[in-house]
Amino acid sequence: MTLTLEVAQSIITTAIAKGHELGMNPLTVAVLDAGGHVKALAREDNTSTLRPDIATGKAHGAIALGLGSRAIFNRAKEQPYFIQTMNALANGSLVPVPGGVLIRDSGQIIGAVGITGDSSDNDEACAITAIEAAGFTADPG
């Protein structure tokens, strides 16, 4: 299955609703396709101006390395020079903290969700909820 605009928008809606349910800070949600291109992005009111770049960076890192951003975060702690080098190769576009979750369908990566606005753990939880609600497998790393 491919990641359609309709599905990407439903992922955003579900993630933001989960954030409201949990009483989280306003979120920014980016959904990228398997090629790392933004399929849909939404920024709630009262979020800072860098949030779209952060959300996109979390998802982009997951797509670029084929790992959820939690795994990238853990690798950064173990091998900081490796992740620093990968970020340099990606022109500084990787955000190696939890909240970037791969979207898998039958094991294949079809996209990624990046969320920012609350704690990284909470951002990741909203992404997982939204991906699974859309009928896919969430891979946070």
# chains A, B, ... in the order shown; residues from 1 in each chain; ligands from 1
call {"tool": "select_by_dssp", "arguments": {"residues": "chain A", "states": "strand (DSSP E or B)", "output": "PDB file with N, CA and C atoms, in the first residue's frame"}}
result
ATOM      1  N   THR A  28       3.372  19.681  16.443  1.00  0.00           N
ATOM      2  CA  THR A  28       3.602  19.800  15.010  1.00  0.00           C
ATOM      3  C   THR A  28       3.866  18.389  14.512  1.00  0.00           C
ATOM      4  N   VAL A  29       3.173  18.003  13.442  1.00  0.00           N
ATOM      5  CA  VAL A  29       3.251  16.638  12.922  1.00  0.00           C
ATOM      6  C   VAL A  29       3.612  16.690  11.440  1.00  0.00           C
ATOM      7  N   ALA A  30       4.658  15.947  11.081  1.00  0.00           N
ATOM      8  CA  ALA A  30       5.059  15.823   9.681  1.00  0.00           C
ATOM      9  C   ALA A  30       4.924  14.369   9.269  1.00  0.00           C
ATOM     10  N   VAL A  31       4.368  14.138   8.090  1.00  0.00           N
ATOM     11  CA  VAL A  31       4.280  12.794   7.515  1.00  0.00           C
ATOM     12  C   VAL A  31       5.054  12.818   6.208  1.00  0.00           C
ATOM     13  N   LEU A  32       6.052  11.958   6.110  1.00  0.00           N
ATOM     14  CA  LEU A  32       6.889  11.863   4.920  1.00  0.00           C
ATOM     15  C   LEU A  32       6.621  10.549   4.203  1.00  0.00           C
ATOM     16  N   ASP A  33       6.776  10.555   2.877  1.00  0.00           N
ATOM     17  CA  ASP A  33       6.635   9.315   2.122  1.00  0.00           C
ATOM     18  C   ASP A  33       7.958   8.551   2.163  1.00  0.00           C
ATOM     19  N   VAL A  38       7.866  15.453   2.113  1.00  0.00           N
ATOM     20  CA  VAL A  38       6.732  15.789   2.968  1.00  0.00           C
ATOM     21  C   VAL A  38       5.438  15.503   2.223  1.00  0.00           C
ATOM     22  N   LYS A  39       4.609  14.656   2.824  1.00  0.00           N
ATOM     23  CA  LYS A  39       3.294  14.334   2.276  1.00  0.00           C
ATOM     24  C   LYS A  39       2.250  15.265   2.886  1.00  0.00           C
ATOM     25  N   ALA A  40       2.393  15.515   4.195  1.00  0.00           N
ATOM     26  CA  ALA A  40       1.474  16.424   4.889  1.00  0.00           C
ATOM     27  C   ALA A  40       2.169  16.917   6.153  1.00  0.00           C
ATOM     28  N   LEU A  41       1.818  18.128   6.554  1.00  0.00           N
ATOM     29  CA  LEU A  41       2.382  18.716   7.761  1.00  0.00           C
ATOM     30  C   LEU A  41       1.341  19.631   8.378  1.00  0.00           C
ATOM     31  N   ALA A  42       1.240  19.581   9.706  1.00  0.00           N
ATOM     32  CA  ALA A  42       0.334  20.493  10.416  1.00  0.00           C
ATOM     33  C   ALA A  42       1.022  20.982  11.677  1.00  0.00           C
ATOM     34  N   ARG A  43       0.831  22.259  11.958  1.00  0.00           N
ATOM     35  CA  ARG A  43       1.396  22.882  13.146  1.00  0.00           C
ATOM     36  C   ARG A  43       0.254  23.515  13.922  1.00  0.00           C
ATOM     37  N   GLY A 100      10.398  10.287  15.830  1.00  0.00           N
ATOM     38  CA  GLY A 100      10.393   9.952  14.408  1.00  0.00           C
ATOM     39  C   GLY A 100      10.138   8.463  14.276  1.00  0.00           C
ATOM     40  N   VAL A 101       8.977   8.097  13.737  1.00  0.00           N
ATOM     41  CA  VAL A 101       8.542   6.701  13.717  1.00  0.00           C
ATOM     42  C   VAL A 101       8.290   6.266  12.273  1.00  0.00           C
ATOM     43  N   LEU A 102       8.929   5.161  11.895  1.00  0.00           N
ATOM     44  CA  LEU A 102       8.718   4.612  10.559  1.00  0.00           C
ATOM     45  C   LEU A 102       7.308   4.042  10.432  1.00  0.00           C
ATOM     46  N   ILE A 103       6.743   4.173   9.242  1.00  0.00           N
ATOM     47  CA  ILE A 103       5.459   3.557   8.903  1.00  0.00           C
ATOM     48  C   ILE A 103       5.785   2.347   8.038  1.00  0.00           C
ATOM     49  N   ARG A 104       5.402   1.164   8.526  1.00  0.00           N
ATOM     50  CA  ARG A 104       5.662  -0.058   7.772  1.00  0.00           C
ATOM     51  C   ARG A 104       4.346  -0.707   7.350  1.00  0.00           C
ATOM     52  N   ASP A 105       4.363  -1.275   6.148  1.00  0.00           N
ATOM     53  CA  ASP A 105       3.240  -2.054   5.636  1.00  0.00           C
ATOM     54  C   ASP A 105       3.820  -3.362   5.117  1.00  0.00           C
ATOM     55  N   GLN A 108       7.565  -3.425   4.809  1.00  0.00           N
ATOM     56  CA  GLN A 108       8.192  -2.419   3.957  1.00  0.00           C
ATOM     57  C   GLN A 108       7.982  -1.014   4.528  1.00  0.00           C
ATOM     58  N   ILE A 109       9.013  -0.186   4.456  1.00  0.00           N
ATOM     59  CA  ILE A 109       8.892   1.207   4.880  1.00  0.00           C
ATOM     60  C   ILE A 109       8.139   1.971   3.802  1.00  0.00           C
ATOM     61  N   ILE A 110       7.013   2.569   4.179  1.00  0.00           N
ATOM     62  CA  ILE A 110       6.243   3.375   3.223  1.00  0.00           C
ATOM     63  C   ILE A 110       6.229   4.847   3.606  1.00  0.00           C
ATOM     64  N   GLY A 111       6.858   5.185   4.732  1.00  0.00           N
ATOM     65  CA  GLY A 111       6.913   6.584   5.160  1.00  0.00           C
ATOM     66  C   GLY A 111       7.359   6.681   6.601  1.00  0.00           C
ATOM     67  N   ALA A 112       7.235   7.884   7.140  1.00  0.00           N
ATOM     68  CA  ALA A 112       7.585   8.116   8.541  1.00  0.00           C
ATOM     69  C   ALA A 112       6.788   9.303   9.057  1.00  0.00           C
ATOM     70  N   VAL A 113       6.578   9.299  10.366  1.00  0.00           N
ATOM     71  CA  VAL A 113       5.914  10.403  11.052  1.00  0.00           C
ATOM     72  C   VAL A 113       6.916  11.017  12.012  1.00  0.00           C
ATOM     73  N   GLY A 114       6.992  12.327  12.015  1.00  0.00           N
ATOM     74  CA  GLY A 114       7.797  13.054  12.987  1.00  0.00           C
ATOM     75  C   GLY A 114       6.908  13.991  13.766  1.00  0.00           C
ATOM     76  N   ILE A 115       7.028  13.957  15.080  1.00  0.00           N
ATOM     77  CA  ILE A 115       6.198  14.812  15.931  1.00  0.00           C
ATOM     78  C   ILE A 115       7.092  15.524  16.926  1.00  0.00           C
ATOM     79  N   THR A 116       6.778  16.789  17.175  1.00  0.00           N
ATOM     80  CA  THR A 116       7.473  17.588  18.170  1.00  0.00           C
ATOM     81  C   THR A 116       6.477  18.508  18.864  1.00  0.00           C
ATOM     82  N   THR A 137       2.029  -0.674  10.703  1.00  0.00           N
ATOM     83  CA  THR A 137       2.915  -1.024  11.808  1.00  0.00           C
ATOM     84  C   THR A 137       3.831   0.166  12.086  1.00  0.00           C
ATOM     85  N   ALA A 138       3.885   0.569  13.350  1.00  0.00           N
ATOM     86  CA  ALA A 138       4.755   1.658  13.775  1.00  0.00           C
ATOM     87  C   ALA A 138       6.088   1.077  14.214  1.00  0.00           C
ATOM     88  N   ASP A 139       7.178   1.674  13.739  1.00  0.00           N
ATOM     89  CA  ASP A 139       8.519   1.223  14.091  1.00  0.00           C
ATOM     90  C   ASP A 139       9.295   2.410  14.658  1.00  0.00           C
TER      91      ASP A 139
END
call {"tool": "residues_around", "arguments": {"residues": "Lys18 in chain A", "least_positions_apart": "4", "cutoff": "12 Å", "atoms": "only C-alpha atoms", "output": "compact mmCIF listing (two decimals) with C-alpha atoms, in the first residue's frame"}}
result
# COMPACT_ATOMS: atom_id res chain seq x y z
CA ILE A 11 -2.45 10.28 10.75
CA ILE A 12 -2.01 13.95 11.59
CA THR A 13 -5.58 14.27 12.86
CA THR A 14 -5.25 11.18 15.06
CA LEU A 22 -3.20 13.40 27.01
CA GLY A 23 -3.17 17.15 27.75
CA MET A 24 0.07 17.65 25.83
CA ASN A 25 1.58 20.88 24.56
CA PRO A 26 0.60 21.92 21.01
CA LEU A 27 2.10 19.57 18.44
CA VAL A 29 3.25 16.64 12.92
CA ILE A 115 6.20 14.81 15.93
CA ASN A 122 5.05 11.70 24.36
CA ASP A 123 5.70 12.78 20.76
CA GLU A 124 6.63 9.20 19.91
CA ALA A 125 3.53 7.79 21.66
CA CYS A 126 1.26 10.01 19.55
CA ALA A 127 3.02 8.92 16.35
CA ILE A 128 2.67 5.25 17.24
CA THR A 129 -1.03 5.65 18.07
CA ALA A 130 -1.72 7.47 14.80
CA ILE A 131 0.20 5.03 12.61
CA ALA A 133 -4.93 3.66 13.90
call {"tool": "select_by_dssp", "arguments": {"residues": "chain A", "states": "alpha helix (DSSP H)", "output": "count of residues only"}}
result
66
call {"tool": "atom_distance", "arguments": {"atom1": "CA of Ala15 in chain A", "atom2": "CA of Glu44 in chain A"}}
result
11.4 Å
call {"tool": "residues_around", "arguments": {"residues": "Asn87 in chain A", "least_positions_apart": "2", "cutoff": "12 Å", "atoms": "only C-alpha atoms", "output": "JSON, numbers by chain"}}
result
{"A": [57, 58, 60, 61, 62, 64, 65, 72, 76, 80, 81, 82, 83, 84, 85, 89, 90, 91, 92, 93, 94, 95, 96]}
call {"tool": "atom_distance", "arguments": {"atom1": "CA of Gly141 in chain A", "atom2": "CA of Leu67 in chain A"}}
result
5.6 Å
call {"tool": "closest_residue", "arguments": {"among": "A:Ala8, A:Ile16, A:Ala88, A:Ile63", "to": "Asp45 in chain A", "atoms": "only C-alpha atoms"}}
result
A:Ile16
call {"tool": "closest_residue", "arguments": {"among": "A:Gly135, A:Gly19, A:Pro140, A:Gly117", "to": "Asn46 in chain A", "atoms": "only C-alpha atoms"}}
result
A:Gly117
call {"tool": "closest_residue", "arguments": {"among": "A:Thr56, A:Ser10, A:Gln79, A:Ser119", "to": "Glu132 in chain A", "atoms": "only C-alpha atoms"}}
result
A:Ser10
